[in-house]
Structures are given as structure tokens and as C-alpha cells.
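Q: The structure's right below; bear with me while I get my questions together.
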Amino acid sequence: MESLSDFLSISPKMSVSDQVVRLLYRFVRPDKPTEAPVYDRHRARVEYFVRRLEPIHFVLPAFPAKSPNLTKVLGPLPDLGEQLALGSLESLCEYVSYFHPPGARVTICSDGHVFGDVVGVCDQTVTEYRALLSQTAKNMNLDSLELYGLDDAFGGSDYPALRKVLEAEYAPSIDKVRASVRTDESARTLFNGIHRFMFEDAVGTSGGHGSRTSLRNKTKETALHTISRSQAWSSVIAERFPRAVRLSIHPQPPNSDKIGVRLLASQDEWLTPWHGVVLDDGAKRSLVKRWQAEEFKALLVWRDGRPSHFVGPHLSA
């Protein structure tokens, strides 16, 4: 089998599509090569745009809203974590341009309105998060990125009504999701990762009400509903963007139609800017949870009147 270093190497003798796909796997989460059949599937999607001399179109469900758990994040609005993650996506498009001059574009399918009510984030908070995220991308001149949400898919801003349409027309039943978690290893891995975040958020926002056992059981149902809504949103994205190369912020199994990408460095492969904070130790910037940065005695930095990130130059000494 091809070694990881060989798999990630890019040769001028390769086709443009091969070069681009191997580039994508340098961003992969976790950092492992995939099996050939799936590699070929991704290459075919890339080839569609290469042959037409068009920007390669990526779609990424991500950037929903900040976790409501203030032991993990700095507040409800985007901070340095989102800025760096957006910049990472723009850099990906720039890297693609080296091999494919028309470049690439990323449609960020913001999913906060899809399941915000399930995870305890109100629609107004999601709207404010997305508005500032859009402004941040504009201020940073990230011309390869665009946002797409539930309102873009179905029209209007009556989000409870839009979610009813989403569930009725696209969502698998909770029983079906539960059955897949029991029988499919990749579904179980996804459930465990999401359940961990749901449980952390419940503990961090419960104010001491309810036992950990009751919170754990309650958040199992929350995780199942979140997965059902996410799968519904994924179906909408596939319907609206059938030719696009599918990206994900979650680790993906080898047989997935999606490529799981890492937006920022972190020891936790599931951690994202909306579930953590940036810690700058003077040598690198990485994601941690807020309580970890505080435990490290890092300093909270404010920018534009809002908390932005932590610095801890003593940590890299």
C-alpha cells in the first residue's frame, strides 16, 4: 500500500485532477490516505470542473453558531477562530489555483438555523453570528467564499416553518438514525463525537441542575435529532449543488462521499472554532477549550471591543 508521504506527494506528471485531490488530502481530518475507489470518486468530481476550465466548487456544511457553553467559547459571536478558519479555506482555494488557474470557490452551507433549536441556540443568535461571519469574510477580502443557509435554500426567514419543511421532506426518522448508530461503525463514531459535544454543553449550561447521568441520557436524544437534521441538510446541499466536491468538518470514513478537512490545528480532531478558542503560544495557533486556556494561565486578548483569543508565550518557552 502507498505510504502516507507518497500519497500526499504531488508530481508535475500527474493530471490536474490528481494534483488537486492529493492537495485536498493534505487538509484531511484525520490525516490518513483513502482507498482508491473513493479517491477516484472525488477525482471525477474535480475533473468535471477542470475539463470546463471553471473554478472547482467545494461545499462545506459548517460555521453554525457558537456553542452556548461558555466554558468552551468566548461568547456568541465569531472571533479569531472563525477568522483563521475562513482564511484557511481561502488559502485552500489559492493553493488550487497553483495547479488549476481558474482556482476554486467554497460555498459554506451555514447550518445554525438547521438545528439551533435542538442544541439550545436561538434563531436571532444564529442570525447575528452569520451576519458578523459574512462581514468578517468581506473585511478580509475572502473573495472565494460565500455563505448559504436555510433561508437561501427555501426562501423566507420564518425558521421554525423552514425547519418543518426540512424535516418533512428530507430528514430520516429518529428511529432510522438510532438503528444506523447501532449497526454502522462510521455512524456510531459520528454519534459519539456529536454526543460528547452535546453532553459538554449540557453540563456547562445546566447550572448544576440534573445529574450527569440524566444529562447524558437527554443529550443522546439531542445528538440523534442533530444528526437527523444534519443529514436532511446534507440532502438539500446535494440536491442544490449536485456537481460540487463535498467537504466536511467531521472525520470521514474511507468510503464517504465527503472529504473531512481540518480548518485549524488542534489535538482534538473534532474541535472547531465554534466549540473552542484560539490559543497563541508565540510559536503556533491552535484550538483548545476556553477552560483549558484559562487553566494554562493564558491572557485573554480583546479586539474591536470583543474577546478574540488567548495568548500564552510562556507555553512555548
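Residues in the C-alpha cells are named by chain (A, B, ... in the order shown) and by number from 1 within that chain; ligands are numbered from 1 in the order shown.
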Hey, what's within 10 Å of Gln292 of chain A if we count only C-alpha atoms and toss same-chain stuff fewer than 4 positions away? As a count of residues only, please?
A: 10
Q: Per DSSP on the backbone, what are the strand (DSSP E or B) residues of segment 47-292 of chain A, as a ChimeraX atom specification?
A: /A:56-62,104-110,145-148,245-248,259-261,277-280,285-288
Q: If you keep C-alpha atoms, can you produce a file of those selected residues as a CSV table (one decimal), in the first residue's frame?
A:
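Printed below is part.csv as written:
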```
chain,number,residue,atom,x,y,z
A,56,ILE,CA,-13.6,23.9,-8.7
A,57,HIS,CA,-16.7,24.2,-6.5
A,58,PHE,CA,-16.5,22.9,-2.9
A,59,VAL,CA,-19.4,22.9,-0.5
A,60,LEU,CA,-18.9,22.7,3.3
A,61,PRO,CA,-21.6,22.5,5.9
A,62,ALA,CA,-20.0,24.4,8.8
A,104,ALA,CA,-11.7,27.3,-6.6
A,105,ARG,CA,-14.6,28.6,-4.6
A,106,VAL,CA,-16.2,27.4,-1.4
A,107,THR,CA,-19.9,27.6,-0.5
A,108,ILE,CA,-20.1,27.5,3.3
A,109,CYS,CA,-23.5,26.0,4.0
A,110,SER,CA,-24.1,27.5,7.4
A,145,LEU,CA,-16.0,32.2,-0.1
A,146,GLU,CA,-19.8,32.6,0.0
A,147,LEU,CA,-22.4,31.7,2.6
A,148,TYR,CA,-25.6,29.7,2.0
A,245,VAL,CA,-17.0,18.4,-4.2
A,246,ARG,CA,-18.3,17.7,-0.8
A,247,LEU,CA,-16.2,18.7,2.3
A,248,SER,CA,-17.0,18.1,5.9
A,259,ILE,CA,-13.6,14.7,2.5
A,260,GLY,CA,-13.2,15.6,6.1
A,261,VAL,CA,-11.0,18.7,6.4
A,277,VAL,CA,-11.0,29.2,21.3
A,278,VAL,CA,-7.6,30.1,19.7
A,279,LEU,CA,-4.5,29.8,21.9
A,280,ASP,CA,-1.5,31.6,20.5
A,285,ARG,CA,-2.0,29.0,17.0
A,286,SER,CA,-4.3,26.1,17.9
A,287,LEU,CA,-7.8,25.4,19.1
A,288,VAL,CA,-8.4,24.5,22.8
```
Q: Find, counting only C-alpha atoms, the residue in A:Thr213, A:Thr272, A:Ser308, A:Gln135 that gets nearest to Lys66 of chain A.
A: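 Closest residue, counting only C-alpha atoms: A:Thr272.
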Q: Measuring atom to atom with only C-alpha atoms, identify which of A:Tyr48, A:Gly75, A:Gln252, A:Ser211 is nearest to Tyr25 of chain A.
A: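 Once distances to Tyr25 of chain A are computed over only C-alpha atoms, the minimum belongs to A:Gln252.
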Q: Identify, on the basis of only C-alpha atoms, every residue whose closest approach to Gln124 of chain A does not exceed 12 Å; exclude the query and any residue fewer than 4 positions from it along the same chain; express the result as a list in words.
A: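 Answer for this query is Ala65, Pro76, Leu77, Gly112, His113, Gly116, Asp117, Gly120, Glu128, Tyr129, Arg130, Ala131, Ser157, Asp158 and Tyr159 of chain A.
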Q: Would you list the contacts of Leu299 of chain A as a PDB file with C-alpha atoms, in the first residue's frame, taking every protein, DNA or RNA residue within 7 Å and counting only C-alpha atoms, but skipping same-chain residues closer than 2 positions in sequence?
A:
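What follows is the written file selection00.pdb:
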```pdb
ATOM      1  CA  LYS A 297      -2.879  30.915  32.677  1.00  0.00           C
ATOM      2  CA  VAL A 301      -6.998  39.339  24.179  1.00  0.00           C
ATOM      3  CA  PHE A 310      -5.793  33.831  24.266  1.00  0.00           C
ATOM      4  CA  VAL A 311      -2.027  34.351  24.224  1.00  0.00           C
ATOM      5  CA  GLY A 312       0.426  32.331  26.271  1.00  0.00           C
TER       6      GLY A 312
END
```
